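Please read the structure below before turning to the comments.
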Amino acid sequence: MQILKFLATGVNSWIQYEFVCGRGSLLTERYLSKPIGEILHNWKYERWGRKSNGLVSQSSIQSIIPEYPYPNLVKTSRGPKWAMDYGLIEEINGKESVRFAIETKFYGSRLISGEEVLKDIIRLAQLNYSCDSKCFLIVSGQNSKKGKQIGEIKKYNHKLYRFMQKGIIRGSSRIDLKALDHIATNNIYQEYNIKQLHRPKRIHIKNSEIHESIATNLGWNTVAFEIRGV
């Protein structure tokens with residue numbers, strides 16, 4: 001999918017630019033809102049903003065909203081709702097739906113835990129399964145830390161590591177939900193009271209795009225995955 005290529009290339013190039021300008025030490029996951037927001041804004045206009053392509057009715061409005069609550073996950077306990085990092089939200093006749101959902105993970109001075117990655121993947125897969133939204137996970141970090149980050153995920157759950165690695169190498173990968181961390185998976189579903197009947201049986205990486213900059217020792221690596229629940 002072309003949007004994945006745009007996201008992987010755009011985010012990675014922007015990070016490299018920030019480092020060349022001497023702002024690399026300021027980078028965190030939240031800083032990725034700038035390139036992602038601008039790429040989505042352009043994609044929204046190019047793909048859905050024109051009547052001639054037949055994809056959008058005149059009554060449709062699209063908005064890019066950070067920290068948009070997952071519409072299919074209703075907490076059974078008190079506290080803030082789980083929110084996706086970025087949502088491209090379409091409103092038709094007053095009813096909102098999520099066209100694109102994006103979760104981001106950024107590693108540099110701090111590595112991402114395997115549980116953090118797993119939770120994002122499960123939430124995205126559940127959203128795709130329940131609402132048919134296009135769901136993407138973007139993982140970006142320093143080349144010098146890539147080995148340690150891979151080791152962190154591998155140490156947490158070898159099957160999760162193999163699932164993601166196969167998705168990067170082949171562009172596609174499937175795994176049974178029950179093959180992943182049983183405790184972490186059940187904790188997520190129990191928190192939102194999603195019964196077995198309404199869960200996907202498998203999680204599928206349908207596409208993946210990788211962009212790597214190796215021009216300097218401050219090179220970066222960004223992978224964009226499309227996540228589906230089947």
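Residues are referred to by chain and number: the chain letter is A, B, ... according to the order shown in the structure tokens, the number counts from 1 in that chain, and ligands are numbered separately from 1 in the order shown.
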
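Using only C-alpha atoms, the residues found no farther than 7 Å from segment 222-226 of chain A, other than those of its own chain fewer than 5 positions away, are Leu4, Leu7, Ala8, Asn12, Cys135, Phe136, Leu137, Ile138, Val139, Ser140, Gly141, Ile205, Lys206, Asn207, Ser208, Glu209, Ile210, His211 and Glu212 of chain A.
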
Surrounding residues of segment 14-22 of chain A excluding itself and chain neighbours under 4 positions, 8 Å, only C-alpha atoms, as number ranges by chain: A: 10, 35, 213, 218-220

Keeping only N, CA and C atoms, write the selected residues to a file as an mmCIF file, in the first residue's frame.
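Written out: again-v8.cif:
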data_model
loop_
_atom_site.group_PDB
_atom_site.id
_atom_site.type_symbol
_atom_site.label_atom_id
_atom_site.label_comp_id
_atom_site.auth_asym_id
_atom_site.auth_seq_id
_atom_site.Cartn_x
_atom_site.Cartn_y
_atom_site.Cartn_z
ATOM 1 N N GLY A 10 8.804 9.138 4.693
ATOM 2 C CA GLY A 10 8.640 10.499 5.207
ATOM 3 C C GLY A 10 9.106 10.650 6.641
ATOM 4 N N PRO A 35 5.607 15.004 11.050
ATOM 5 C CA PRO A 35 5.629 14.374 9.725
ATOM 6 C C PRO A 35 4.397 13.526 9.443
ATOM 7 N N SER A 213 18.201 4.882 6.598
ATOM 8 C CA SER A 213 19.220 5.849 6.185
ATOM 9 C C SER A 213 20.528 5.466 6.849
ATOM 10 N N LEU A 218 24.597 8.287 12.519
ATOM 11 C CA LEU A 218 23.333 8.619 13.179
ATOM 12 C C LEU A 218 22.154 8.152 12.336
ATOM 13 N N GLY A 219 22.377 7.126 11.518
ATOM 14 C CA GLY A 219 21.337 6.616 10.633
ATOM 15 C C GLY A 219 20.129 6.104 11.402
ATOM 16 N N TRP A 220 18.965 6.155 10.740
ATOM 17 C CA TRP A 220 17.714 5.736 11.359
ATOM 18 C C TRP A 220 17.021 4.690 10.527
#

Shell of 8 Å around Trp82 of chain A, only C-alpha atoms, local chain residues under 4 positions omitted, as a ChimeraX atom specification: /A:69-70,73

Those same residues, written as a PDB file, in the first residue's frame with C-alpha atoms?
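After the write, out_23.pdb holds the following:
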ATOM      1  CA  PRO A  69     -10.271   7.140  21.468  1.00  0.00           C
ATOM      2  CA  TYR A  70     -10.714   3.647  20.085  1.00  0.00           C
ATOM      3  CA  LEU A  73     -12.918  -0.356  23.161  1.00  0.00           C
TER       4      LEU A  73
END

DSSP alpha helix (DSSP H) residues within segment 7-225 of chain A, as a ChimeraX atom specification: /A:7-20,33-43,114-131,143-156,158-170,182-191

Who sits within 10 Å of segment 104-111 of chain A, only C-alpha atoms, same chain under 5 positions skipped, as a PyMOL selection string: chain A and resi 25+27-33+36+84-86+116-117+120+136-146+148-150+152-153+220+222-224

Store the residues picked out above in a file with C-alpha atoms, as an mmCIF file, in the first residue's frame.
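part.cif written:
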data_model
loop_
_atom_site.group_PDB
_atom_site.id
_atom_site.type_symbol
_atom_site.label_atom_id
_atom_site.label_comp_id
_atom_site.auth_asym_id
_atom_site.auth_seq_id
_atom_site.Cartn_x
_atom_site.Cartn_y
_atom_site.Cartn_z
ATOM 1 C CA SER A 25 18.400 14.987 21.137
ATOM 2 C CA LEU A 27 13.184 13.711 19.539
ATOM 3 C CA THR A 28 10.524 11.602 21.237
ATOM 4 C CA GLU A 29 7.538 9.616 20.044
ATOM 5 C CA ARG A 30 5.338 12.712 20.278
ATOM 6 C CA TYR A 31 7.559 14.642 17.875
ATOM 7 C CA LEU A 32 6.520 12.241 15.100
ATOM 8 C CA SER A 33 3.149 14.016 15.031
ATOM 9 C CA ILE A 36 2.745 11.942 10.221
ATOM 10 C CA MET A 84 -4.695 5.658 19.097
ATOM 11 C CA ASP A 85 -1.757 7.989 18.435
ATOM 12 C CA TYR A 86 -3.358 9.386 15.259
ATOM 13 C CA GLU A 116 4.075 -2.156 24.583
ATOM 14 C CA VAL A 117 4.437 -3.403 21.002
ATOM 15 C CA ASP A 120 -0.538 -1.762 20.114
ATOM 16 C CA PHE A 136 -0.880 0.931 10.811
ATOM 17 C CA LEU A 137 2.007 0.490 13.252
ATOM 18 C CA ILE A 138 5.132 2.629 12.706
ATOM 19 C CA VAL A 139 8.335 1.629 14.511
ATOM 20 C CA SER A 140 11.289 4.001 14.229
ATOM 21 C CA GLY A 141 14.682 4.176 15.892
ATOM 22 C CA GLN A 142 18.439 4.524 15.655
ATOM 23 C CA ASN A 143 20.374 1.951 13.629
ATOM 24 C CA SER A 144 22.902 1.721 16.462
ATOM 25 C CA LYS A 145 20.112 0.625 18.856
ATOM 26 C CA LYS A 146 18.280 -1.684 16.428
ATOM 27 C CA LYS A 148 19.203 -4.139 21.267
ATOM 28 C CA GLN A 149 15.591 -3.302 20.389
ATOM 29 C CA ILE A 150 15.166 -6.517 18.421
ATOM 30 C CA GLU A 152 14.170 -6.746 23.737
ATOM 31 C CA ILE A 153 11.194 -7.995 21.690
ATOM 32 C CA TRP A 220 17.714 5.736 11.359
ATOM 33 C CA THR A 222 11.659 3.125 10.147
ATOM 34 C CA VAL A 223 9.256 0.267 9.474
ATOM 35 C CA ALA A 224 5.550 0.717 8.725
#

For Ala179 of chain A: contacts at 9 Å, only C-alpha atoms, fewer than 3 positions along chain excluded, given as an MDAnalysis selection string: chainID A and resid 159:160 175:176 182

Residues within 6 Å of Gly229 of chain A, only C-alpha atoms, excluding chain neighbours under 6 positions, as an MDAnalysis selection string: chainID A and resid 125:126 128:129 200 203

Computed interatomic separation between atom CA of Ile121 of chain A and atom CA of Thr185 of chain A (Å): 10.3 Å

Residues of segment 4-200 of chain A in strand (DSSP E or B), written as JSON, numbers by chain: {"A": [60, 61, 62, 63, 64, 65, 66, 67, 68, 69, 83, 84, 85, 86, 87, 88, 89, 90, 91, 92, 95, 96, 97, 98, 99, 100, 101, 102, 103, 104, 105, 106, 107, 134, 135, 136, 137, 138, 139, 140, 141, 142, 173, 174, 175, 176]}

For the residues in the current selection, export N, CA and C atoms as a compact mmCIF listing (two decimals), in the first residue's frame.
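Written file, result08.txt:
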# COMPACT_ATOMS: atom_id res chain seq x y z
N SER A 60 -19.21 14.26 3.33
CA SER A 60 -18.12 13.68 4.11
C SER A 60 -17.11 14.75 4.52
N ILE A 61 -16.67 14.66 5.77
CA ILE A 61 -15.63 15.55 6.30
C ILE A 61 -14.55 14.66 6.91
N GLN A 62 -13.28 14.96 6.59
CA GLN A 62 -12.18 14.20 7.18
C GLN A 62 -11.36 15.09 8.11
N SER A 63 -10.96 14.53 9.23
CA SER A 63 -10.13 15.26 10.19
C SER A 63 -9.02 14.34 10.67
N ILE A 64 -7.83 14.92 10.89
CA ILE A 64 -6.72 14.17 11.47
C ILE A 64 -6.68 14.53 12.95
N ILE A 65 -6.90 13.55 13.81
CA ILE A 65 -7.04 13.82 15.24
C ILE A 65 -6.03 12.98 16.03
N PRO A 66 -5.12 13.62 16.76
CA PRO A 66 -4.22 12.85 17.64
C PRO A 66 -4.96 12.39 18.89
N GLU A 67 -4.51 11.27 19.45
CA GLU A 67 -5.09 10.72 20.68
C GLU A 67 -6.61 10.53 20.55
N TYR A 68 -7.02 9.94 19.45
CA TYR A 68 -8.46 9.69 19.23
C TYR A 68 -8.85 8.37 19.92
N PRO A 69 -9.90 8.37 20.74
CA PRO A 69 -10.27 7.14 21.47
C PRO A 69 -10.68 6.01 20.52
N ALA A 83 -6.42 5.39 23.59
CA ALA A 83 -6.50 6.22 22.39
C ALA A 83 -5.39 5.84 21.42
N MET A 84 -5.71 5.87 20.13
CA MET A 84 -4.70 5.66 19.10
C MET A 84 -3.85 6.93 18.99
N ASP A 85 -2.62 6.81 18.53
CA ASP A 85 -1.76 7.99 18.44
C ASP A 85 -2.31 9.00 17.44
N TYR A 86 -2.78 8.51 16.29
CA TYR A 86 -3.36 9.39 15.26
C TYR A 86 -4.51 8.67 14.56
N GLY A 87 -5.55 9.41 14.30
CA GLY A 87 -6.68 8.86 13.56
C GLY A 87 -7.07 9.78 12.42
N LEU A 88 -7.31 9.21 11.25
CA LEU A 88 -7.93 9.97 10.16
C LEU A 88 -9.41 9.63 10.23
N ILE A 89 -10.18 10.59 10.68
CA ILE A 89 -11.59 10.36 11.02
C ILE A 89 -12.48 10.93 9.92
N GLU A 90 -13.41 10.11 9.47
CA GLU A 90 -14.36 10.55 8.45
C GLU A 90 -15.73 10.73 9.10
N GLU A 91 -16.35 11.84 8.82
CA GLU A 91 -17.69 12.11 9.34
C GLU A 91 -18.67 12.22 8.17
N ILE A 92 -19.66 11.34 8.16
CA ILE A 92 -20.69 11.36 7.12
C ILE A 92 -22.04 11.49 7.79
N LYS A 95 -22.06 11.16 11.55
CA LYS A 95 -21.55 9.93 12.16
C LYS A 95 -20.06 9.76 11.86
N GLU A 96 -19.26 9.58 12.91
CA GLU A 96 -17.82 9.46 12.74
C GLU A 96 -17.40 8.00 12.55
N SER A 97 -16.40 7.79 11.70
CA SER A 97 -15.78 6.48 11.57
C SER A 97 -14.28 6.67 11.36
N VAL A 98 -13.49 5.68 11.76
CA VAL A 98 -12.04 5.75 11.65
C VAL A 98 -11.63 5.15 10.31
N ARG A 99 -11.07 5.97 9.42
CA ARG A 99 -10.58 5.45 8.15
C ARG A 99 -9.16 4.90 8.32
N PHE A 100 -8.28 5.67 8.95
CA PHE A 100 -6.91 5.23 9.25
C PHE A 100 -6.69 5.35 10.74
N ALA A 101 -6.05 4.34 11.34
CA ALA A 101 -5.59 4.41 12.73
C ALA A 101 -4.09 4.13 12.73
N ILE A 102 -3.34 4.97 13.43
CA ILE A 102 -1.89 4.81 13.46
C ILE A 102 -1.39 4.80 14.90
N GLU A 103 -0.58 3.79 15.20
CA GLU A 103 0.17 3.75 16.46
C GLU A 103 1.65 3.87 16.12
N THR A 104 2.39 4.60 16.94
CA THR A 104 3.82 4.78 16.68
C THR A 104 4.65 4.28 17.87
N LYS A 105 5.81 3.77 17.56
CA LYS A 105 6.77 3.37 18.58
C LYS A 105 8.13 3.92 18.17
N PHE A 106 8.82 4.53 19.16
CA PHE A 106 10.08 5.23 18.90
C PHE A 106 11.12 4.76 19.92
N TYR A 107 12.26 4.29 19.43
CA TYR A 107 13.31 3.87 20.36
C TYR A 107 14.61 4.63 20.06
N LYS A 134 -8.43 0.87 8.33
CA LYS A 134 -7.05 0.60 7.96
C LYS A 134 -6.17 0.95 9.15
N CYS A 135 -5.35 -0.01 9.58
CA CYS A 135 -4.60 0.17 10.83
C CYS A 135 -3.10 -0.02 10.58
N PHE A 136 -2.31 0.93 11.08
CA PHE A 136 -0.88 0.93 10.81
C PHE A 136 -0.08 1.08 12.10
N LEU A 137 1.04 0.36 12.16
CA LEU A 137 2.01 0.49 13.25
C LEU A 137 3.32 0.98 12.65
N ILE A 138 3.86 2.08 13.18
CA ILE A 138 5.13 2.63 12.71
C ILE A 138 6.16 2.50 13.83
N VAL A 139 7.26 1.82 13.53
CA VAL A 139 8.33 1.63 14.51
C VAL A 139 9.59 2.29 13.96
N SER A 140 10.14 3.24 14.72
CA SER A 140 11.29 4.00 14.23
C SER A 140 12.35 4.10 15.32
N GLY A 141 13.61 4.05 14.90
CA GLY A 141 14.68 4.18 15.89
C GLY A 141 16.05 4.23 15.26
N GLN A 142 17.06 4.41 16.12
CA GLN A 142 18.44 4.52 15.66
C GLN A 142 18.98 3.17 15.21
N SER A 173 2.73 -11.60 6.98
CA SER A 173 2.94 -12.57 8.06
C SER A 173 1.63 -12.77 8.80
N ARG A 174 1.40 -13.98 9.28
CA ARG A 174 0.21 -14.29 10.07
C ARG A 174 0.61 -15.01 11.36
N ILE A 175 -0.18 -14.83 12.40
CA ILE A 175 0.06 -15.55 13.64
C ILE A 175 -1.27 -15.74 14.36
N ASP A 176 -1.45 -16.89 14.98
CA ASP A 176 -2.64 -17.12 15.80
C ASP A 176 -2.54 -16.26 17.05

Nearest candidate to Arg228 of chain A (options A:His158, A:Lys34, A:Arg123, A:Lys81; using only C-alpha atoms): A:Arg123
